[in-house]
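Undergrad: Take this structure first; my questions come after.
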Amino acid sequence: MPARAPEMIAASNFDEIAAQPPDFARLQAQYDTIADRLESAQTAAEGVRAFEEWDVLRRGFATWAALAELQFQRDTADAEYKAGVDLLNELRPKIEGLDVAMKRRFLRSPLREPLESALGEYLFARWETDVTAYDPVVEAFAVEESTLQDDYTALVAAAQIPFRGEALNLSLLGRYMEDPDRETRREATVAKWRFFEERAGEIDRIFDGLVRVRDRMANELDFSNFTELAYRRLARTDYGAAEVALWREEIQREIVPLAERIVQRQARDLGIERVMLWDEKVFSKTGTPKPPQQYGAMVAAGRESYNALGPELGSFAGMMFDRELVDLQSRKNKASAGFCTAFPEYGLPYVFANFNGTTHDVNVLVHEFGHAFQTYSSRNQPALEYLWPTYEACEIHSMSMEFFMWPQLERFFGDKAQQYRIEHLTSTIAVLPYAAAVDHFQHLVYEHPEASPEQRHGFWRQVEAAYLPWRRYDGVPHLERGAFWHQQRHIFIVPFYYIDYTLAACCALQFWIRSLDDYEGALTEYKQLCARGGTLPFQSLVRSAGLQSPFEAGVLRGAAQRAAAMIGV
Ligand code: ZN
């Protein structure tokens, strides 16, 4: 159904919309009416109408929920916004309960077959997955989980880290961690980890609570452990933990040795004996290329770049800036996250980030805008589920956009654009082993829910040795203990999500190779994939764009060879 006119939402009326939370009793009555309508439906058209009414309610709640969360992230110290997310945490499981009940009604409807033809078989497959991942018996656990997640978000957002006479949040400190001066990078890294060390007890308490509550939820729902439940929550319908284990092996085989060669080469380029943790993101003595430091110049370069990619992408990016559907500048009490969210009632996305003057800022304008463009392209798909695909497919859109932007990079980096391209390719490769480590770590954690914080640190050291054998951080006690994962937000907020970046990277690298050979053709294929939204499961979406699934053996070999040639290792 068509989304509401875009004119109706902009930064100026967020507070107004956020201040109108849904009334649960009223919503419940509306769900009852829709349920009656579905029960008494005689034709598929009547069933579809019932579905459409439900979808309108879902889009409305999703919009309010996105705004409540966004406003809190924009100012984590504001009591009203905090009350908004508290209310959301309370409402979300209840409304999920209503939605699951409705999904069950559709799944067992006598009209299911014609409804499947009208709305898509995959929608019903998604619902089959959703209904097994939810039951009212876990409602209280879900509330507890959300509260712990918010504790972690607030703890990290509140960071005021003393550094050379200033108090910096993590995002601003990040700038010094990539400084061309090695000692500055080391000091900034040490300062960051001192912050985490000082709060280690609190972070371990939060995570311990999360592991326990997640494990109990899985038990209540009759899963053998939380891993299985987490895969369902991520709506992974066409692969499981076994495929992901094979995929990690592919990374270990094809990428870890390449990454090791890259690190050795990096040491030579930097003129140092060995690459330490604080050197990993720096590839040349003169430092990482810097984008324009003025916000206005960044926005101008962003607009021009998208215009150069054609009228469709140009007008999309223009709309994002003109309607202030972005919050990109860092400030006190703003959450340190970077993400894209959306208001499905209006068919509009929103991009949130904290510019810090590094390449990260360009990445936001490219990566998060890739997400935003996709969900905007699929805004008129007929079901909420279809607006975004599952996470791993979502990252294809964002990471591929990073490669489609390659010809425009002079606008941001001038004569350092080529250096940026090589560093971008290198870091795309480098993320694969790290993400495999984060994924493997979580599998170990939830296979052993009884483990102590010290044992969990042991799990981290174990995966670090397997996937990141080159990593050194002498003199940072918190890391020597095995607590690097304390900084990885996804582990706390969206368990098992992180591997999705690698599944997507595998596809983005394929788009990269195609764009080098036939740019226009690849971009057209990409835009078509974006418009398909979430109408298909991951592997089907991948194949619909003519790409190879990451679970096909040897899928990384070609990309690894081409990347090695370009990087020169
Ligand atoms: Zn992303």
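Identifiers for the structure tokens are assigned positionally: chains receive A, B, ... in sequence, residues are indexed from 1 per chain, and ligands are indexed from 1 in the order shown.
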Counting only C-alpha atoms and all ligand atoms, name the residues that have an atom within 8 Å of an atom of ligand 1; the answer should be given as a short mmCIF file (atom, residue, chain, number, x, y, z; two decimals) with C-alpha atoms, in the first residue's frame.
TA:
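For reference, out_38.cif as written:
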```
data_model
loop_
_atom_site.label_atom_id
_atom_site.label_comp_id
_atom_site.auth_asym_id
_atom_site.auth_seq_id
_atom_site.Cartn_x
_atom_site.Cartn_y
_atom_site.Cartn_z
CA PHE A 339 22.71 3.65 12.03
CA CYS A 340 19.88 4.06 9.58
CA HIS A 367 27.14 3.08 3.91
CA GLU A 368 24.16 4.36 5.91
CA HIS A 371 20.61 1.36 3.67
CA CYS A 394 20.56 -5.24 4.16
CA GLU A 395 24.32 -4.92 4.45
CA SER A 398 25.17 -0.46 2.19
CA MET A 399 28.51 -2.17 1.51
CA TYR A 501 28.55 -7.97 7.64
#
```
Undergrad: Please return, as a PyMOL selection string, all residues of segment 119-201 of chain A that DSSP assigns to helix (DSSP H, G or I) on the basis of the backbone.
TA: chain A and resi 119+121-132+136-157+170-177+182-198+200-201
Undergrad: Skipping near chain neighbours, those fewer than 4 positions away, what residues fall within 10 Å of Asp361 of chain A using only C-alpha atoms, listed as a list in words?
TA: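 In the requested format, the answer is Lys290, Pro291, Pro292, Gln293, Tyr295, Met298, Leu328, Gln329, Ala353, Asn354, Phe355, Asn356, Gly357, Leu365, Val366 and His367 of chain A.
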Undergrad: How would the residues just chosen look if you wrote them out with N, CA and C atoms as a compact mmCIF listing (two decimals), in the first residue's frame?
TA:
```
# COMPACT_ATOMS: atom_id res chain seq x y z
N LYS A 290 42.06 12.41 4.95
CA LYS A 290 41.02 13.08 5.72
C LYS A 290 40.00 13.72 4.79
N PRO A 291 38.72 13.57 5.10
CA PRO A 291 37.69 14.24 4.30
C PRO A 291 37.60 15.71 4.72
N PRO A 292 36.78 16.51 4.02
CA PRO A 292 36.60 17.90 4.45
C PRO A 292 36.19 17.96 5.92
N GLN A 293 36.74 18.92 6.65
CA GLN A 293 36.47 18.99 8.08
C GLN A 293 35.20 19.79 8.40
N TYR A 295 31.31 20.64 8.17
CA TYR A 295 30.09 19.87 7.91
C TYR A 295 29.47 20.24 6.56
N MET A 298 31.18 18.63 3.69
CA MET A 298 30.88 17.20 3.61
C MET A 298 29.52 16.99 2.93
N LEU A 328 23.99 14.08 12.00
CA LEU A 328 25.32 13.54 11.72
C LEU A 328 26.41 14.12 12.60
N GLN A 329 26.14 15.24 13.27
CA GLN A 329 27.20 15.89 14.03
C GLN A 329 27.21 15.41 15.49
N ALA A 353 24.42 9.52 13.01
CA ALA A 353 25.85 9.22 13.14
C ALA A 353 26.52 10.31 13.95
N ASN A 354 27.79 10.14 14.22
CA ASN A 354 28.59 11.14 14.92
C ASN A 354 29.84 11.41 14.11
N PHE A 355 29.79 12.45 13.27
CA PHE A 355 30.96 12.80 12.48
C PHE A 355 32.14 13.10 13.41
N ASN A 356 33.32 12.63 13.02
CA ASN A 356 34.51 12.91 13.84
C ASN A 356 35.71 13.37 13.00
N GLY A 357 35.43 13.73 11.75
CA GLY A 357 36.52 14.28 10.93
C GLY A 357 37.41 13.23 10.28
N LEU A 365 28.12 8.64 5.04
CA LEU A 365 27.39 9.19 3.90
C LEU A 365 27.19 8.15 2.80
N VAL A 366 28.00 7.13 2.81
CA VAL A 366 27.90 6.12 1.76
C VAL A 366 27.17 4.89 2.29
N HIS A 367 27.69 4.32 3.37
CA HIS A 367 27.14 3.08 3.91
C HIS A 367 25.70 3.26 4.42
```
Undergrad: Give me, as a tab-separated table, each residue of segment 387-449 of chain A that comes within 8 Å of segment 374-382 of chain A, together with its shortest interatomic pair and the distance in Å at one decimal, counting only C-alpha atoms, with rows ordered by chain and rising residue number.
TA:
```
residue	atom	partner	partner_atom	distance
A:Leu387	CA	A:Ser378	CA	5.5
A:Trp388	CA	A:Thr375	CA	5.9
A:His397	CA	A:Gln374	CA	6.6
```
Undergrad: Using only C-alpha atoms, find each residue in segment 74-124 of chain A having at least one atom no more than 10 Å away from segment 531-535 of chain A; report its shortest atom-to-atom pair and that distance in Å (one decimal), rows by chain then rising number, as a tab-separated table.
TA:
```
residue	atom	partner	partner_atom	distance
A:Leu119	CA	A:Thr535	CA	9.6
A:Gly120	CA	A:Thr535	CA	7.6
A:Glu121	CA	A:Thr535	CA	9.2
A:Tyr122	CA	A:Thr535	CA	6.9
A:Leu123	CA	A:Thr535	CA	7.6
```
Undergrad: Rank A:Tyr31, A:Phe538, A:Phe72, A:Phe141 by their smallest atom-to-atom distance to Ala101 of chain A, using only C-alpha atoms, and report the top residue only.
TA: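 Nearest to Ala101 of chain A: A:Tyr31.
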Undergrad: Could you give me, as a tab-separated table, a per-residue list for segment 122-146 of chain A showing, wherever an atom lies at most 8 Å from an atom of segment 198-219 of chain A, the closest pair of atoms and their distance in Å to one decimal, using only C-alpha atoms and sorting by chain then residue number from low to high?
TA:
```
residue	atom	partner	partner_atom	distance
A:Val138	CA	A:Met217	CA	5.8
A:Phe141	CA	A:Val213	CA	6.1
A:Glu144	CA	A:Val213	CA	7.4
A:Glu145	CA	A:Leu210	CA	6.0
```
Undergrad: Would you write out those residues with all heavy atoms, as a CSV table (one decimal), in the first residue's frame?
TA:
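After the write, part27.csv holds the following:
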```csv
chain,number,residue,atom,x,y,z
A,138,VAL,N,7.5,-15.5,27.6
A,138,VAL,CA,8.8,-14.9,27.6
A,138,VAL,C,8.7,-13.4,27.7
A,138,VAL,O,9.7,-12.7,27.7
A,138,VAL,CB,9.8,-15.3,26.5
A,138,VAL,CG1,10.0,-16.8,26.5
A,138,VAL,CG2,9.2,-14.9,25.1
A,141,PHE,N,10.8,-11.7,30.3
A,141,PHE,CA,12.2,-11.8,30.0
A,141,PHE,C,12.6,-10.8,28.9
A,141,PHE,O,13.7,-10.2,29.0
A,141,PHE,CB,12.6,-13.2,29.5
A,141,PHE,CG,12.3,-14.3,30.5
A,141,PHE,CD1,11.9,-15.5,30.1
A,141,PHE,CD2,12.6,-14.1,31.9
A,141,PHE,CE1,11.7,-16.5,31.1
A,141,PHE,CE2,12.4,-15.1,32.8
A,141,PHE,CZ,11.9,-16.3,32.4
A,144,GLU,N,13.2,-7.5,30.5
A,144,GLU,CA,14.4,-7.5,31.2
A,144,GLU,C,15.6,-7.3,30.2
A,144,GLU,O,16.6,-6.6,30.5
A,144,GLU,CB,14.6,-8.8,32.0
A,144,GLU,CG,15.7,-8.8,33.0
A,144,GLU,CD,15.8,-10.1,33.7
A,144,GLU,OE1,14.8,-10.9,33.8
A,144,GLU,OE2,16.9,-10.4,34.1
A,145,GLU,N,15.5,-8.0,29.1
A,145,GLU,CA,16.6,-8.0,28.1
A,145,GLU,C,16.8,-6.6,27.6
A,145,GLU,O,17.9,-6.0,27.5
A,145,GLU,CB,16.3,-9.0,27.0
A,145,GLU,CG,17.5,-9.0,26.0
A,145,GLU,CD,17.1,-9.9,24.7
A,145,GLU,OE1,15.9,-10.2,24.5
A,145,GLU,OE2,18.1,-10.3,24.0
```
Undergrad: Can you check which residues of segment 49-237 of chain A DSSP gives as strand (DSSP E) on the backbone and send them as a VMD selection string?
TA: chain A and resid 161 to 163 166 to 168
Undergrad: Got a sec: who's within 6 Å of segment 269-286 of chain A, counting only C-alpha atoms, leaving out chain neighbours fewer than 6 positions off, as a count of residues only?
TA: 5
Undergrad: If we count only C-alpha atoms and set the cut-off at 9 Å, which residues sit around segment 260-263 of chain A, ignoring sequence neighbours fewer than 2 positions away in its own chain? Please answer as number ranges by chain.
TA: A: 255-258, 265-268, 274-275, 280, 426, 430, 468-470, 564, 567-569
Undergrad: For Val431 of chain A, which residue out of A:Val299, A:Ile251, A:Met566, A:Ala242 is the nearest one, using only C-alpha atoms?
TA: A:Ile251
Undergrad: Would you mind listing what lies within 8 Å of segment 52-58 of chain A as a list in words, with only C-alpha atoms counted and same-chain residues fewer than 2 positions away left out?
TA: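 So the residues in contact are Met1, Leu27, Tyr31, Ile34, Val48, Arg49, Ala50, Gly60, Phe61, Ala62, Glu345, Pro382, Ala383 and Leu384 of chain A.
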Undergrad: I need the chosen residues saved as a short mmCIF file (atom, residue, chain, number, x, y, z; two decimals), in the first residue's frame, with N, CA and C atoms.
TA:
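Writing done, so here's again_13.cif:
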```
data_model
loop_
_atom_site.label_atom_id
_atom_site.label_comp_id
_atom_site.auth_asym_id
_atom_site.auth_seq_id
_atom_site.Cartn_x
_atom_site.Cartn_y
_atom_site.Cartn_z
N MET A 1 0.85 -1.20 0.00
CA MET A 1 0.00 0.00 0.00
C MET A 1 0.87 1.24 0.00
N LEU A 27 -5.46 -0.23 20.53
CA LEU A 27 -4.79 -1.03 19.51
C LEU A 27 -5.29 -2.48 19.57
N TYR A 31 -7.01 -4.70 16.67
CA TYR A 31 -6.53 -6.03 16.26
C TYR A 31 -7.70 -7.03 16.30
N ILE A 34 -9.85 -6.65 13.27
CA ILE A 34 -9.19 -7.21 12.08
C ILE A 34 -9.25 -8.73 12.11
N VAL A 48 -7.03 -10.16 2.06
CA VAL A 48 -5.99 -9.18 1.78
C VAL A 48 -6.34 -7.83 2.43
N ARG A 49 -7.64 -7.48 2.38
CA ARG A 49 -8.05 -6.21 3.00
C ARG A 49 -7.79 -6.23 4.51
N ALA A 50 -8.08 -7.37 5.14
CA ALA A 50 -7.79 -7.49 6.58
C ALA A 50 -6.28 -7.33 6.81
N GLY A 60 2.26 2.14 11.69
CA GLY A 60 2.09 3.23 12.65
C GLY A 60 2.92 2.99 13.90
N PHE A 61 2.84 1.80 14.45
CA PHE A 61 3.61 1.51 15.66
C PHE A 61 5.10 1.53 15.38
N ALA A 62 5.50 0.95 14.24
CA ALA A 62 6.93 0.91 13.89
C ALA A 62 7.48 2.34 13.77
N GLU A 345 5.45 4.45 8.16
CA GLU A 345 4.16 5.09 7.88
C GLU A 345 4.32 6.15 6.81
N PRO A 382 4.10 -4.28 -0.36
CA PRO A 382 2.82 -4.40 0.32
C PRO A 382 2.84 -4.91 1.76
N ALA A 383 4.00 -5.21 2.34
CA ALA A 383 4.01 -5.68 3.74
C ALA A 383 5.20 -5.09 4.48
N LEU A 384 5.00 -4.85 5.77
CA LEU A 384 6.08 -4.30 6.59
C LEU A 384 7.36 -5.13 6.46
#
```
Undergrad: Excluding Trp247 of chain A and any residue of its chain fewer than 2 positions from it, enumerate the residues within 10 Å of it, using only C-alpha atoms, and give them as a list in words.
TA: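 Final neighbour list, sorted by chain and number: Ala241, Ala242, Glu243, Val244, Ala245, Glu249, Glu250, Ile251, Gln252, Arg253, Ala436, Ile499, Thr502, Leu503, Pro550, Phe551, Glu552, Ala553, Gly554, Val555 and Leu556 of chain A.
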Undergrad: Using atom CA of Ile9 of chain A and atom CA of Phe343 of chain A as the two end points, give the distance in Å to one decimal.
TA: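 Separation between atom CA of Ile9 of chain A and atom CA of Phe343 of chain A: 8.7 Å.
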Undergrad: What is the distance between atom CA of Asp86 of chain A and atom CA of Pro495 of chain A, in Å to one decimal?
TA: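 Going from atom CA of Asp86 of chain A over to atom CA of Pro495 of chain A, I get 20.9 Å.
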